[in-house]
Amino acid sequence: MREVLAQAAFQLFLERGFERTTVDDIVARAGVGRRSFFRYFPSKEDVVFPDHERCLAEMTEFLAAVDDGDPVGAVCDAARIVLRMYAADPEFSVQRYRLTREVPGLRTYELSVVRRYEQTLAGHLRGRFGADGDGELRAEVIAASVVAAHNNGLRLWLRSGGAGDPEAAVDHALDLVRDVWERPAEPSPALEKRLEGQLEKPVPAGGITAGSGDNEVIVMVAAKGTPMWRVVQQIEAAVGES
């Protein structure tokens, strides 16, 4: 019944436009009553996205069952569930994309749906990284990156009219996300070059200085087991000499 109502709605949207089509028009075309429509869709906007609730449930179930060893890879794979939903019916997906571009209210609704996917991915990542400090921030940023990468590849395919393989562009975009977030953090080449030039200053006992004035940095080097009072003494001496 959901499919029957969605097909009837889209036929009318294409014939009359979204704004000029009413729920009464849709149920008349589908041959059912208003109660049947509202049993499946809370509003006319919802009939444009009949498959997202099922897809969101599938994504949630998938993430609950994945291994904890590769959280970034897991959320990238979860995003591909959404891609497969679109790819399963290219004609409908392209029609929906064109309709949402023409109707501002549908675009706003679509953004709220996308946000629910993003929150689901972020929730999974918070469970792996922790909800405090940088763990929560990392979860939110990675989830946003995955959604942005997925949507970029998906829209390239939709704008082409559904031609070609949608997975190629999405896989390429998601691979970029994994390249960034799965590698350990490293200092930038610019910072390394700057420090190389600054470490030519004389090294005080127990420490290394870099830079000058307000930008001076002191790195303390001490043997394992050195008493804390000795470490503090050497830092104070280095600060006094710099």
# chains A, B, ... in the order shown; residues from 1 in each chain; ligands from 1
$ residues_around --residues "Asp171 of chain A" --least-positions-apart "5" --cutoff "9 Å" --atoms "only C-alpha atoms" --output "PyMOL selection string"
chain A and resi 76+80+149-150+153+166+176
$ residues_around --residues "segment 7-10 of chain A" --least-positions-apart "2" --cutoff "7 Å" --atoms "only C-alpha atoms" --output "list in words"
Glu3, Val4, Leu5, Leu12, Phe13, Leu14, Ile26, Arg29 and Ala30 of chain A
$ closest_residue --among "A:Arg96, A:Tyr86, A:Val72, A:Ala64" --to "Val180 of chain A" --atoms "only C-alpha atoms"
A:Val72
$ atom_distance --atom1 "atom CA of Leu121 of chain A" --atom2 "atom CA of Asp175 of chain A"
16.6 Å
$ closest_residue --among "A:Val75, A:Leu125, A:Ile81, A:Ala65" --to "Leu137 of chain A" --atoms "only C-alpha atoms"
A:Leu125
$ closest_residue --among "A:Ala79, A:Glu58, A:Arg138, A:Ala87" --to "Ala173 of chain A" --atoms "only C-alpha atoms"
A:Ala79
$ atom_distance --atom1 "atom CA of Arg115 of chain A" --atom2 "atom CA of Glu61 of chain A"
17.9 Å
$ decode --residues "segment 20-153 of chain A" --atoms "C-alpha atoms" --output "compact mmCIF listing (two decimals), in the first residue's frame"
# COMPACT_ATOMS: atom_id res chain seq x y z
CA ARG A 20 -1.43 21.73 -6.59
CA THR A 21 -1.78 18.09 -5.56
CA THR A 22 -3.81 17.33 -2.42
CA VAL A 23 -4.05 14.25 -0.25
CA ASP A 24 -7.60 13.77 -1.56
CA ASP A 25 -6.19 13.71 -5.09
CA ILE A 26 -3.66 11.07 -4.11
CA VAL A 27 -6.11 8.71 -2.42
CA ALA A 28 -8.56 9.11 -5.30
CA ARG A 29 -5.85 8.12 -7.79
CA ALA A 30 -4.79 5.18 -5.58
CA GLY A 31 -8.40 4.07 -5.01
CA VAL A 32 -8.23 4.13 -1.21
CA GLY A 33 -9.57 6.31 1.60
CA ARG A 34 -7.89 9.14 3.50
CA ARG A 35 -7.49 6.94 6.56
CA SER A 36 -5.35 4.55 4.52
CA PHE A 37 -3.09 7.39 3.47
CA PHE A 38 -2.52 8.69 7.00
CA ARG A 39 -1.95 5.17 8.27
CA TYR A 40 1.25 5.13 6.22
CA PHE A 41 2.23 8.79 5.84
CA PRO A 42 1.81 11.61 8.37
CA SER A 43 1.82 14.26 5.63
CA LYS A 44 2.01 14.87 1.88
CA GLU A 45 5.75 15.57 2.25
CA ASP A 46 6.34 12.12 3.74
CA VAL A 47 5.01 10.37 0.64
CA VAL A 48 7.97 11.82 -1.30
CA PHE A 49 10.34 9.84 0.95
CA PRO A 50 8.53 6.53 1.50
CA ASP A 51 11.64 4.42 1.97
CA HIS A 52 13.77 6.40 4.42
CA GLU A 53 12.25 5.02 7.63
CA ARG A 54 12.99 1.47 6.52
CA CYS A 55 16.49 2.47 5.42
CA LEU A 56 17.20 4.22 8.71
CA ALA A 57 16.08 1.13 10.62
CA GLU A 58 18.33 -1.06 8.44
CA MET A 59 21.28 1.27 9.07
CA THR A 60 20.69 1.19 12.84
CA GLU A 61 20.50 -2.60 12.82
CA PHE A 62 23.67 -2.86 10.74
CA LEU A 63 25.67 -0.61 13.07
CA ALA A 64 24.50 -2.51 16.13
CA ALA A 65 25.97 -5.71 14.70
CA VAL A 66 29.32 -4.52 13.27
CA ASP A 67 32.74 -5.22 14.74
CA ASP A 68 34.23 -2.42 16.85
CA GLY A 69 37.65 -2.71 15.19
CA ASP A 70 37.03 -0.25 12.33
CA PRO A 71 34.46 2.38 13.35
CA VAL A 72 35.19 4.71 10.41
CA GLY A 73 34.87 1.86 7.93
CA ALA A 74 31.63 0.79 9.62
CA VAL A 75 29.91 4.16 9.19
CA CYS A 76 31.12 4.35 5.58
CA ASP A 77 29.55 0.93 4.94
CA ALA A 78 26.37 2.10 6.69
CA ALA A 79 26.16 5.06 4.30
CA ARG A 80 26.25 2.64 1.38
CA ILE A 81 22.94 1.21 2.60
CA VAL A 82 21.35 4.55 1.69
CA LEU A 83 23.05 4.48 -1.70
CA ARG A 84 21.67 1.02 -2.45
CA MET A 85 18.18 2.26 -1.59
CA TYR A 86 18.47 5.00 -4.23
CA ALA A 87 20.11 2.70 -6.78
CA ALA A 88 17.37 0.08 -6.44
CA ASP A 89 14.91 2.34 -8.29
CA PRO A 90 16.84 4.84 -10.44
CA GLU A 91 13.77 6.30 -12.18
CA PHE A 92 11.98 7.08 -8.92
CA SER A 93 15.17 8.42 -7.33
CA VAL A 94 15.85 10.79 -10.22
CA GLN A 95 12.24 12.02 -10.22
CA ARG A 96 12.42 12.65 -6.48
CA TYR A 97 15.72 14.51 -6.84
CA ARG A 98 14.27 16.80 -9.50
CA LEU A 99 11.15 17.39 -7.43
CA THR A 100 13.09 18.34 -4.30
CA ARG A 101 15.10 20.82 -6.36
CA GLU A 102 11.89 22.53 -7.48
CA VAL A 103 10.01 22.63 -4.14
CA PRO A 104 11.81 24.48 -1.30
CA GLY A 105 9.64 22.83 1.35
CA LEU A 106 10.71 19.38 0.18
CA ARG A 107 14.35 20.41 0.22
CA THR A 108 13.97 21.46 3.85
CA TYR A 109 12.26 18.16 4.66
CA GLU A 110 15.03 16.24 2.91
CA LEU A 111 17.66 18.04 5.00
CA SER A 112 15.89 16.89 8.17
CA VAL A 113 16.01 13.31 6.88
CA VAL A 114 19.72 13.62 6.11
CA ARG A 115 20.30 14.96 9.61
CA ARG A 116 18.71 11.83 11.09
CA TYR A 117 21.16 9.66 9.16
CA GLU A 118 24.04 11.83 10.38
CA GLN A 119 22.88 11.58 14.00
CA THR A 120 22.67 7.80 13.71
CA LEU A 121 26.26 7.59 12.44
CA ALA A 122 27.50 10.03 15.08
CA GLY A 123 25.76 8.06 17.82
CA HIS A 124 27.56 4.90 16.76
CA LEU A 125 30.92 6.68 16.70
CA ARG A 126 30.37 8.25 20.13
CA GLY A 127 29.91 4.74 21.47
CA ARG A 128 33.40 3.89 20.14
CA PHE A 129 35.26 7.15 20.85
CA GLY A 130 33.48 8.23 24.04
CA ALA A 131 31.06 11.11 24.57
CA ASP A 132 33.48 13.42 26.38
CA GLY A 133 36.00 15.92 25.02
CA ASP A 134 37.40 15.21 21.59
CA GLY A 135 35.57 11.87 21.38
CA GLU A 136 32.24 13.56 20.80
CA LEU A 137 33.75 16.15 18.48
CA ARG A 138 35.50 13.46 16.46
CA ALA A 139 32.25 11.49 16.18
CA GLU A 140 30.29 14.50 14.94
CA VAL A 141 32.94 15.58 12.42
CA ILE A 142 33.45 12.10 10.97
CA ALA A 143 29.70 11.54 10.67
CA ALA A 144 29.29 14.86 8.88
CA SER A 145 32.20 13.98 6.57
CA VAL A 146 30.69 10.61 5.68
CA VAL A 147 27.29 12.14 4.91
CA ALA A 148 28.84 14.91 2.82
CA ALA A 149 30.97 12.44 0.86
CA HIS A 150 28.06 10.08 0.26
CA ASN A 151 25.74 12.88 -0.85
CA ASN A 152 28.34 14.34 -3.19
CA GLY A 153 28.73 11.07 -5.07
